[in-house]
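Shown here: final-v4.cif, mmCIF, C-alpha atoms.
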```
data_structure
#
loop_
_atom_site.label_atom_id
_atom_site.label_comp_id
_atom_site.auth_asym_id
_atom_site.auth_seq_id
_atom_site.Cartn_x
_atom_site.Cartn_y
_atom_site.Cartn_z
CA MET A 973 0.00 0.00 0.00
CA VAL A 974 2.70 2.46 1.08
CA ARG A 975 4.88 1.43 -1.84
CA ASP A 976 1.93 1.97 -4.17
CA LEU A 977 1.51 5.51 -2.90
CA PHE A 978 5.20 6.16 -3.25
CA ILE A 979 5.25 5.47 -6.97
CA LYS A 980 2.07 7.36 -7.76
CA ALA A 981 2.18 10.77 -9.37
CA ASP A 982 0.94 13.75 -7.42
CA LEU A 983 -2.23 14.04 -9.49
CA GLU A 984 -3.18 10.43 -8.81
CA LEU A 985 -2.67 11.00 -5.10
CA VAL A 986 -4.84 14.10 -5.25
CA GLU A 987 -7.65 12.05 -6.79
CA GLU A 988 -7.30 9.53 -3.97
CA VAL A 989 -7.46 12.29 -1.37
CA LYS A 990 -10.61 13.55 -3.03
CA ASN A 991 -12.03 10.05 -2.66
CA GLY A 992 -11.29 10.07 1.06
CA ASN A 993 -7.85 8.45 1.25
CA VAL A 994 -6.00 10.38 3.97
CA SER A 995 -2.84 8.29 3.49
CA ALA A 996 -2.53 9.75 0.01
CA PHE A 997 -2.43 13.21 1.53
CA SER A 998 0.21 12.04 3.99
CA GLU A 999 2.38 11.05 1.00
CA LEU A 1000 1.86 14.48 -0.58
CA VAL A 1001 2.96 16.14 2.67
CA LYS A 1002 6.12 14.00 2.72
CA ARG A 1003 6.93 14.94 -0.85
CA HIS A 1004 6.55 18.68 -0.56
CA GLN A 1005 7.18 19.67 3.04
CA LYS A 1006 10.94 20.18 2.70
CA GLY A 1007 10.82 22.48 -0.29
CA LEU A 1008 7.94 24.43 1.16
CA PHE A 1009 9.61 24.73 4.53
CA ARG A 1010 12.74 26.13 2.91
CA LEU A 1011 10.66 28.66 1.02
CA CYS A 1012 8.77 29.67 4.17
CA LEU A 1013 11.98 29.93 6.15
CA ARG A 1014 13.52 32.17 3.53
CA PHE A 1015 10.53 34.49 3.71
CA LEU A 1016 9.94 34.43 7.43
CA LYS A 1017 13.45 33.86 8.78
CA ALA A 1018 12.25 32.21 12.00
CA ALA A 1019 11.88 28.43 11.98
CA GLU A 1020 8.94 28.38 14.37
CA VAL A 1021 6.99 30.84 12.22
CA ALA A 1022 7.88 28.85 9.11
CA ASP A 1023 6.58 25.77 10.95
CA ASP A 1024 3.24 27.43 11.52
CA VAL A 1025 2.96 28.60 7.94
CA LEU A 1026 3.85 25.15 6.65
CA GLN A 1027 1.15 23.51 8.75
CA GLU A 1028 -1.39 26.16 7.76
CA THR A 1029 -0.49 25.65 4.11
CA PHE A 1030 -1.13 21.91 4.20
CA ILE A 1031 -4.35 22.28 6.17
CA LYS A 1032 -5.61 24.83 3.63
CA ALA A 1033 -4.57 22.55 0.80
CA TYR A 1034 -6.44 19.63 2.35
CA GLN A 1035 -9.55 21.69 2.89
CA LYS A 1036 -9.50 23.09 -0.63
CA ILE A 1037 -8.32 20.02 -2.47
CA HIS A 1038 -11.70 19.54 -4.16
CA THR A 1039 -11.09 22.88 -5.92
CA PHE A 1040 -7.82 21.64 -7.43
CA GLU A 1041 -8.64 20.69 -11.00
CA GLY A 1042 -5.21 19.59 -12.15
CA ARG A 1043 -4.68 22.39 -14.64
CA SER A 1044 -1.34 23.08 -12.98
CA SER A 1045 0.89 20.68 -11.11
CA PHE A 1046 0.05 19.96 -7.50
CA LYS A 1047 3.46 21.33 -6.58
CA SER A 1048 2.70 24.70 -8.20
CA TRP A 1049 -0.68 24.75 -6.51
CA ILE A 1050 0.55 24.04 -3.01
CA TYR A 1051 3.50 26.40 -3.41
CA GLN A 1052 1.03 29.09 -4.44
CA ILE A 1053 -0.89 28.50 -1.20
CA GLY A 1054 2.42 28.50 0.70
CA VAL A 1055 3.61 31.78 -0.81
CA ASN A 1056 0.29 33.49 -0.12
CA THR A 1057 0.18 32.17 3.43
CA ALA A 1058 3.76 33.33 4.05
CA LYS A 1059 2.92 36.77 2.61
CA ASN A 1060 -0.06 37.06 4.93
CA LYS A 1061 2.08 36.04 7.87
CA LEU A 1062 4.65 38.65 6.88
CA ARG A 1063 1.96 41.31 6.87
CA GLU A 1064 0.77 40.08 10.22
CA TYR A 1065 4.22 40.30 11.73
CA LYS A 1066 5.09 43.45 9.81
CA TYR A 1067 8.50 42.20 8.90
CA ASN A 1068 10.83 44.82 7.55
CA THR A 1069 12.85 44.30 4.44
CA ASP A 1070 15.56 46.66 3.40
CA ASP A 1071 16.16 47.72 -0.12
CA ILE A 1072 19.20 46.10 -1.62
CA GLU A 1073 20.88 49.47 -2.10
CA ASN A 1074 20.61 50.15 1.66
CA VAL A 1075 22.26 46.97 2.82
CA ASN A 1076 25.35 47.65 4.85
CA LEU A 1077 27.84 44.93 4.09
CA GLY A 1078 30.05 45.75 7.04
CA VAL A 1079 33.15 44.94 5.02
CA GLY A 1080 34.75 48.30 4.52
CA ALA A 1081 38.33 49.34 5.26
CA THR A 1082 39.07 46.30 7.36
CA SER A 1083 37.50 44.15 4.75
CA ASP A 1084 39.37 40.91 5.30
CA GLN A 1085 38.70 40.93 8.98
CA GLY A 1086 35.12 42.04 8.41
CA LEU A 1087 34.49 39.28 5.94
CA ASN A 1088 36.01 36.73 8.25
CA GLN A 1089 33.82 37.85 11.09
CA MET A 1090 30.64 37.72 9.14
CA ALA A 1091 29.90 34.43 7.49
CA LEU A 1092 29.65 34.83 3.79
CA SER A 1093 26.38 33.01 3.91
CA GLN A 1094 24.95 35.79 6.03
CA ILE A 1095 26.07 38.39 3.52
CA LEU A 1096 24.49 36.42 0.75
CA ASP A 1097 21.32 36.09 2.82
CA MET A 1098 21.29 39.84 3.28
CA GLY A 1099 21.57 40.33 -0.43
CA ILE A 1100 18.73 37.91 -1.15
CA ASP A 1101 16.52 39.17 1.66
CA SER A 1102 16.86 42.73 0.46
CA LEU A 1103 15.41 41.90 -2.94
CA PRO A 1104 11.81 42.95 -3.57
CA PRO A 1105 9.50 40.07 -2.58
CA LYS A 1106 8.51 39.10 -6.12
CA GLN A 1107 12.10 38.95 -7.31
CA LYS A 1108 13.10 37.00 -4.25
CA THR A 1109 10.28 34.51 -4.75
CA ALA A 1110 11.14 33.96 -8.40
CA LEU A 1111 14.82 33.52 -7.54
CA MET A 1112 14.18 31.02 -4.77
CA LEU A 1113 11.73 28.94 -6.74
CA ARG A 1114 14.07 28.80 -9.70
CA ILE A 1115 17.31 28.11 -7.86
CA TYR A 1116 16.19 26.13 -4.81
CA ASP A 1117 13.38 24.19 -6.39
CA ASP A 1118 14.50 24.06 -10.04
CA MET A 1119 11.09 25.19 -11.16
CA SER A 1120 10.26 26.18 -14.70
CA PHE A 1121 9.15 29.75 -15.36
CA LYS A 1122 5.71 28.38 -16.17
CA GLU A 1123 5.46 26.90 -12.70
CA ILE A 1124 6.85 30.07 -11.14
CA ALA A 1125 4.26 32.11 -13.02
CA GLU A 1126 1.50 29.82 -11.73
CA ILE A 1127 2.71 30.13 -8.15
CA MET A 1128 3.15 33.89 -8.35
CA GLU A 1129 -0.12 34.26 -10.26
CA CYS A 1130 1.48 36.38 -12.93
CA PRO A 1131 2.27 36.05 -16.65
CA TYR A 1132 5.17 33.89 -17.78
CA ASP A 1133 7.23 36.88 -18.94
CA THR A 1134 6.72 38.67 -15.63
CA ALA A 1135 8.00 35.67 -13.72
CA LYS A 1136 11.05 35.55 -15.94
CA ALA A 1137 11.62 39.30 -15.66
CA ASN A 1138 11.47 39.07 -11.86
CA TYR A 1139 14.08 36.34 -11.90
CA ARG A 1140 16.34 38.27 -14.25
CA HIS A 1141 16.11 41.45 -12.14
CA ALA A 1142 16.94 39.46 -9.01
CA LEU A 1143 20.02 37.93 -10.59
CA ILE A 1144 21.20 41.24 -12.06
CA LYS A 1145 20.77 42.97 -8.68
CA LEU A 1146 22.68 40.23 -6.91
CA LYS A 1147 25.49 40.48 -9.44
CA ASP A 1148 25.65 44.24 -8.86
CA PHE A 1149 25.54 43.58 -5.13
CA PHE A 1150 28.57 41.29 -5.39
CA ASN A 1151 30.39 43.60 -7.77
CA SER A 1152 29.87 46.56 -5.45
CA ASN A 1153 32.38 45.15 -3.01
CA LYS A 1154 35.81 44.01 -4.04
CA ASP A 1155 35.92 41.11 -1.58
CA LEU A 1156 32.62 39.72 -2.67
CA LYS A 1157 33.58 40.31 -6.24
CA ALA A 1158 36.67 38.25 -5.69
CA TYR A 1159 34.57 35.40 -4.45
CA ILE A 1160 32.42 35.25 -7.53
CA GLU A 1161 35.39 35.78 -9.81
CA ASP A 1162 37.69 33.24 -8.25
CA THR A 1163 36.68 30.63 -5.80
CA PRO A 1164 33.17 29.47 -5.11
CA SER A 1165 34.71 26.45 -3.41
CA MET A 1166 36.29 28.78 -0.85
CA PHE A 1167 32.81 29.88 0.03
CA VAL A 1168 31.74 26.35 0.79
CA HIS A 1169 34.91 25.73 2.75
CA PHE A 1170 34.46 28.94 4.72
CA ASN A 1171 30.87 28.18 5.53
CA ASN A 1172 31.80 24.68 6.66
CA LEU A 1173 34.35 26.19 9.03
CA VAL A 1174 31.72 28.55 10.42
CA CYS A 1175 29.26 25.69 10.87
CA GLU A 1176 31.89 23.60 12.65
CA ALA A 1177 32.78 26.52 14.90
CA GLU A 1178 29.13 27.08 15.76
CA ALA A 1179 28.61 23.39 16.50
CA MET B 750 16.13 42.36 -25.35
CA ASN B 751 19.14 43.84 -23.62
CA LYS B 752 22.42 42.03 -23.28
CA GLU B 753 22.03 41.09 -19.59
CA ASN B 754 18.64 39.53 -20.22
CA LEU B 755 20.00 37.70 -23.23
CA ILE B 756 22.84 36.27 -21.17
CA ILE B 757 20.56 35.19 -18.33
CA ASP B 758 18.13 33.57 -20.76
CA TYR B 759 21.09 31.79 -22.35
CA ILE B 760 22.15 30.41 -18.95
CA GLU B 761 18.59 29.34 -18.21
CA ASN B 762 18.12 27.64 -21.59
CA GLU B 763 15.30 30.00 -22.37
CA LEU B 764 16.56 31.25 -25.71
CA PRO B 765 15.32 30.07 -29.10
CA THR B 766 17.92 28.08 -31.05
CA SER B 767 18.60 30.89 -33.50
CA LEU B 768 19.50 33.28 -30.67
CA VAL B 769 21.60 30.66 -28.90
CA ARG B 770 23.86 30.56 -31.96
CA ASP B 771 24.12 34.35 -31.97
CA VAL B 772 25.03 34.43 -28.28
CA GLU B 773 27.66 31.75 -28.76
CA ILE B 774 29.22 33.74 -31.57
CA LEU B 775 29.19 36.81 -29.32
CA LEU B 776 30.85 34.84 -26.52
CA LYS B 777 33.66 33.74 -28.79
CA HIS B 778 34.59 37.33 -29.43
CA SER B 779 33.77 39.08 -26.16
CA GLY B 780 35.62 38.37 -22.93
CA LYS B 781 33.27 40.70 -20.99
CA GLU B 782 30.19 38.62 -21.80
CA ARG B 783 32.03 35.41 -20.96
CA GLU B 784 32.90 36.87 -17.57
CA ASP B 785 29.30 37.91 -17.01
CA ILE B 786 28.10 34.42 -17.75
CA GLU B 787 30.60 32.97 -15.31
CA SER B 788 29.58 35.49 -12.65
CA TYR B 789 25.90 34.61 -12.98
CA LYS B 790 26.64 30.90 -12.83
CA LYS B 791 28.77 31.35 -9.74
CA ILE B 792 26.12 33.46 -8.01
CA LYS B 793 23.57 30.76 -8.73
CA ASN B 794 25.90 28.11 -7.32
CA LEU B 795 26.59 30.19 -4.23
CA ILE B 796 22.88 30.57 -3.58
CA LYS B 797 22.26 26.88 -4.08
CA GLU B 798 25.16 25.89 -1.81
CA ASN B 799 23.98 28.38 0.77
CA GLN B 800 20.59 26.72 1.26
CA ASN B 801 19.66 25.95 4.81
CA PRO B 802 20.65 22.39 5.58
CA LEU B 803 17.42 20.45 5.77
CA GLU B 804 18.74 16.98 6.26
CA ASN B 805 17.34 16.47 9.74
CA LYS B 806 15.03 13.56 9.06
CA ASP B 807 13.46 13.58 12.52
CA TYR B 808 12.47 17.20 12.15
CA PHE B 809 10.47 16.47 9.02
CA THR B 810 9.03 13.24 10.39
CA ASP B 811 7.75 15.23 13.36
CA MET B 812 6.49 18.00 11.07
CA HIS B 813 4.64 15.49 8.91
CA ASP B 814 3.04 13.90 11.97
CA LYS B 815 2.01 17.29 13.30
CA ILE B 816 0.36 18.21 10.01
CA MET B 817 -1.47 14.90 9.71
CA LYS B 818 -2.59 15.10 13.33
CA GLN B 819 -4.11 18.50 12.63
CA VAL B 820 -5.74 17.28 9.46
CA LEU B 821 -7.42 14.47 11.37
CA GLN B 822 -8.14 16.43 14.54
CA LYS B 823 -9.68 19.40 12.83
CA ASN B 824 -12.05 17.04 11.13
CA VAL B 825 -11.53 18.69 7.78
CA ARG B 826 -13.07 16.41 5.23
CA PRO B 827 -12.61 17.55 1.67
CA PRO B 828 -13.92 14.28 0.20
CA GLU B 829 -17.40 15.17 1.42
CA ARG B 830 -17.19 18.47 -0.41
CA SER B 831 -16.02 16.67 -3.50
CA LYS B 832 -18.91 14.22 -3.22
CA VAL B 833 -21.22 17.15 -3.73
CA LEU B 834 -19.92 17.24 -7.27
CA SER B 835 -20.02 13.49 -7.83
CA ASN B 836 -22.05 12.15 -10.74
CA LYS B 837 -24.65 10.64 -8.47
CA ASN B 838 -25.29 13.90 -6.67
CA ILE B 839 -25.29 15.93 -9.86
CA LYS B 840 -27.96 13.57 -11.22
CA THR B 841 -30.00 13.83 -8.04
CA PHE B 842 -29.65 17.59 -8.08
CA LEU B 843 -30.71 17.80 -11.70
CA LYS B 844 -33.64 15.48 -11.08
CA TRP B 845 -34.96 17.52 -8.18
CA GLY B 846 -33.88 20.76 -9.82
CA ASN B 847 -35.87 19.89 -12.90
CA GLY B 848 -38.82 18.92 -10.77
CA ALA B 849 -38.65 22.20 -8.89
CA LEU B 850 -38.34 24.12 -12.15
CA VAL B 851 -41.41 22.40 -13.62
CA LEU B 852 -43.34 23.11 -10.43
CA MET B 853 -42.32 26.78 -10.48
CA LEU B 854 -43.30 27.08 -14.13
CA ALA B 855 -46.62 25.42 -13.43
CA ILE B 856 -47.28 27.81 -10.58
CA SER B 857 -46.39 30.83 -12.66
CA VAL B 858 -48.61 29.62 -15.50
CA PHE B 859 -51.33 28.99 -13.01
CA ASP B 860 -50.91 32.50 -11.66
CA PHE B 861 -51.77 34.06 -14.97
CA SER B 862 -54.53 31.72 -15.99
CA SER B 863 -56.06 31.36 -12.61
CA LEU B 864 -58.06 34.58 -12.79
CA GLU B 865 -60.30 33.06 -15.44
CA HIS B 866 -60.62 29.99 -13.37
CA VAL B 867 -61.54 32.11 -10.37
CA LYS B 868 -64.16 33.99 -12.32
CA LYS B 869 -65.90 30.80 -13.40
CA GLU B 870 -65.54 28.47 -10.50
CA LEU B 871 -65.02 30.24 -7.26
CA PRO B 872 -68.12 30.71 -5.27
CA ASN B 873 -69.13 34.23 -4.42
CA GLN B 874 -68.06 33.72 -0.87
CA MET B 875 -64.57 32.91 -2.03
CA VAL B 876 -64.48 35.90 -4.32
CA LYS B 877 -65.41 38.04 -1.40
CA LEU B 878 -62.66 36.54 0.62
CA ILE B 879 -60.22 37.26 -2.14
CA LYS B 880 -61.33 40.84 -2.47
CA ASN B 881 -61.10 41.35 1.25
CA LYS B 882 -57.65 39.92 1.39
CA SER B 883 -56.26 41.98 -1.41
CA SER B 884 -56.97 44.20 -4.35
CA LYS B 885 -54.07 43.28 -6.61
CA LYS B 886 -54.16 40.55 -9.17
CA ILE B 887 -50.86 39.06 -8.09
CA GLU B 888 -52.12 38.77 -4.55
CA LEU B 889 -55.30 37.26 -5.87
CA SER B 890 -53.30 34.52 -7.43
CA HIS B 891 -51.61 33.86 -4.10
CA SER B 892 -54.98 33.60 -2.50
CA VAL B 893 -56.03 31.12 -5.12
CA GLN B 894 -52.94 29.07 -4.38
CA SER B 895 -53.79 29.21 -0.72
CA TYR B 896 -57.23 28.10 -1.60
CA MET B 897 -55.86 25.18 -3.56
CA LEU B 898 -53.42 24.19 -0.88
CA GLU B 899 -55.24 25.02 2.28
CA ASP B 900 -58.84 24.83 1.19
CA ASP B 901 -60.26 23.80 4.54
CA LEU B 902 -58.77 26.77 6.28
CA VAL B 903 -59.75 29.12 3.49
CA ILE B 904 -63.32 27.93 3.47
CA GLU B 905 -63.51 28.55 7.15
CA LEU B 906 -62.09 32.02 6.63
CA ALA B 907 -64.49 32.60 3.78
CA GLN B 908 -67.40 31.81 5.97
CA ASN B 909 -66.24 34.34 8.50
CA LYS B 910 -65.60 36.97 5.87
CA MET B 911 -68.94 36.42 4.21
CA GLN B 912 -70.70 37.23 7.41
CA ASN B 913 -68.86 40.52 7.71
CA SER B 914 -68.95 41.75 4.12
CA SER B 915 -71.55 44.03 2.54
CA ALA B 916 -73.42 43.69 -0.75
CA GLU B 917 -71.41 46.62 -2.07
CA GLU B 918 -68.21 44.76 -1.47
CA ASN B 919 -69.58 41.75 -3.28
CA ASN B 920 -70.38 43.88 -6.30
CA GLU B 921 -66.93 45.40 -6.26
CA VAL B 922 -65.35 42.00 -6.34
CA VAL B 923 -67.48 40.85 -9.20
CA ASN B 924 -66.72 44.04 -11.18
CA TYR B 925 -63.05 43.67 -10.45
CA LEU B 926 -62.94 40.12 -11.69
CA MET B 927 -65.02 40.90 -14.75
CA ASN B 928 -62.55 43.59 -15.77
#
```

Since I need it in another form, could you write the structure as structure tokens?
Amino acid sequence: MVRDLFIKADLELVEEVKNGNVSAFSELVKRHQKGLFRLCLRFLKAAEVADDVLQETFIKAYQKIHTFEGRSSFKSWIYQIGVNTAKNKLREYKYNTDDIENVNLGVGATSDQGLNQMALSQILDMGIDSLPPKQKTALMLRIYDDMSFKEIAEIMECPYDTAKANYRHALIKLKDFFNSNKDLKAYIEDTPSMFVHFNNLVCEAEA
Amino acid sequence: MNKENLIIDYIENELPTSLVRDVEILLKHSGKEREDIESYKKIKNLIKENQNPLENKDYFTDMHDKIMKQVLQKNVRPPERSKVLSNKNIKTFLKWGNGALVLMLAISVFDFSSLEHVKKELPNQMVKLIKNKSSKKIELSHSVQSYMLEDDLVIELAQNKMQNSSAEENNEVVNYLMN
């Protein structure tokens, strides 16, 4: 039974849920919870809030599953619910996002020391978090979840070209963000592997 | 399309074949564009590598269990909603819906034709009752329906009304119906 569910496509599972099979929904949760959690966490920054949004997203999806007609993929559909729920939560918490131009990198004159003190991952996070929400969403869905622009457009409820334009703007802004600082520029010009190594060191130190 | 967009679309495999060839020719001759492409690819890799580690299996097992517990506890039952749209229910709905529609049509037809019927068949007492109850034709038709549906009650009412009505009122009713 469990093996059967495992090999079934999302749309087949959705039909089973509609016919009252709760186990089919359990399989859908297993399939999509990680990606959705990552997306929520990126938006909301706090794991416990992302937890709440994730649960709310799946409950909403379960309640509304009869309205899902299969015109898009289930993944697009549930991500759309997730993005909207996260947006609502953001409004509720009145999170502040800075504009990318206003982000203080903290790596000025004493750049080497500054960069060493601040994990590069945090700088990158700052850059991503400072993007306008639509650009950030398009970027995350494309890079983290390998989604097509069609799927991104469905999730963001916008035309295909708009989804693509948002992604392009995000990438261009991030490139400018990196190029605006010589240390960061060096990272993207030379050694992405150093980044991984550096982050590993930070993780080890924190552990 | 500007050059940056062209380059990004090239990286994302979003360009038509004809433009891919053009970009590749451009890349052969321009070091700047090659560098840009490399920069974009590296930024993408950095972002991907910088994802939050989500390999804690227990965390997601717990999360899954929490979600499913809520689904079951909150007694949310989408299948019942979906059953509303099942073939069987659609058929039942159409059957009763059609029945209701026919009944409504019949009533409305009756409304318009019933005045003639009233003129010919209703006893004077009933006419008086109708006149006393209302002076509009549409209300008359409602009275007729009441008569049809609740005749015992109406007859009783009619008897009461008859005792209290004058000859003048009777004439008025007759004139009204004749017109």

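With distances taken over all atoms listed in the file, A:Thr1029 is the one residue among A:Thr1039, A:Thr1029, A:Asn991, A:Ser1093 lying closest to Cys1012 of chain A.
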
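The gap separating atom CA of Ile792 of chain B from atom CA of Ile1095 of chain A is 12.5 Å, in Å to one decimal.
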
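For the pair atom CA of Gly1099 of chain A and atom CA of Leu764 of chain B, the separation is 27.3 Å.
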
Find the residues around segment 1136-1149 of chain A up to 6 Å (only C-alpha atoms counted), leave out those fewer than 2 positions away in its own chain, and share them as an MDAnalysis selection string. chainID A and resid 1107 1110:1111 1133:1134 1151:1152

Dump as a compact mmCIF listing (two decimals), keeping the file's coordinate frame, selection limited to C-alpha atoms:
```txt
# COMPACT_ATOMS: atom_id res chain seq x y z
CA GLN A 1107 12.10 38.95 -7.31
CA ALA A 1110 11.14 33.96 -8.40
CA LEU A 1111 14.82 33.52 -7.54
CA ASP A 1133 7.23 36.88 -18.94
CA THR A 1134 6.72 38.67 -15.63
CA ASN A 1151 30.39 43.60 -7.77
CA SER A 1152 29.87 46.56 -5.45
```

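For the choices B:Lys806, B:Arg783, B:Lys791, B:Lys818, the atom-to-atom distance to chain A is smallest for B:Lys791 when using all atoms listed in the file.
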
I want to know what sits within 10 Å of Gln800 of chain B, based on all atoms listed in the file, with residues of the same chain fewer than 6 positions away left out; could you give that as number ranges by chain? A: 1010, 1014, 1093, 1097, 1112, 1115-1116

Report the distance between atom CA of Lys1017 of chain A and atom CA of Leu1062 of chain A in Å, rounded to one decimal place. 10.2 Å
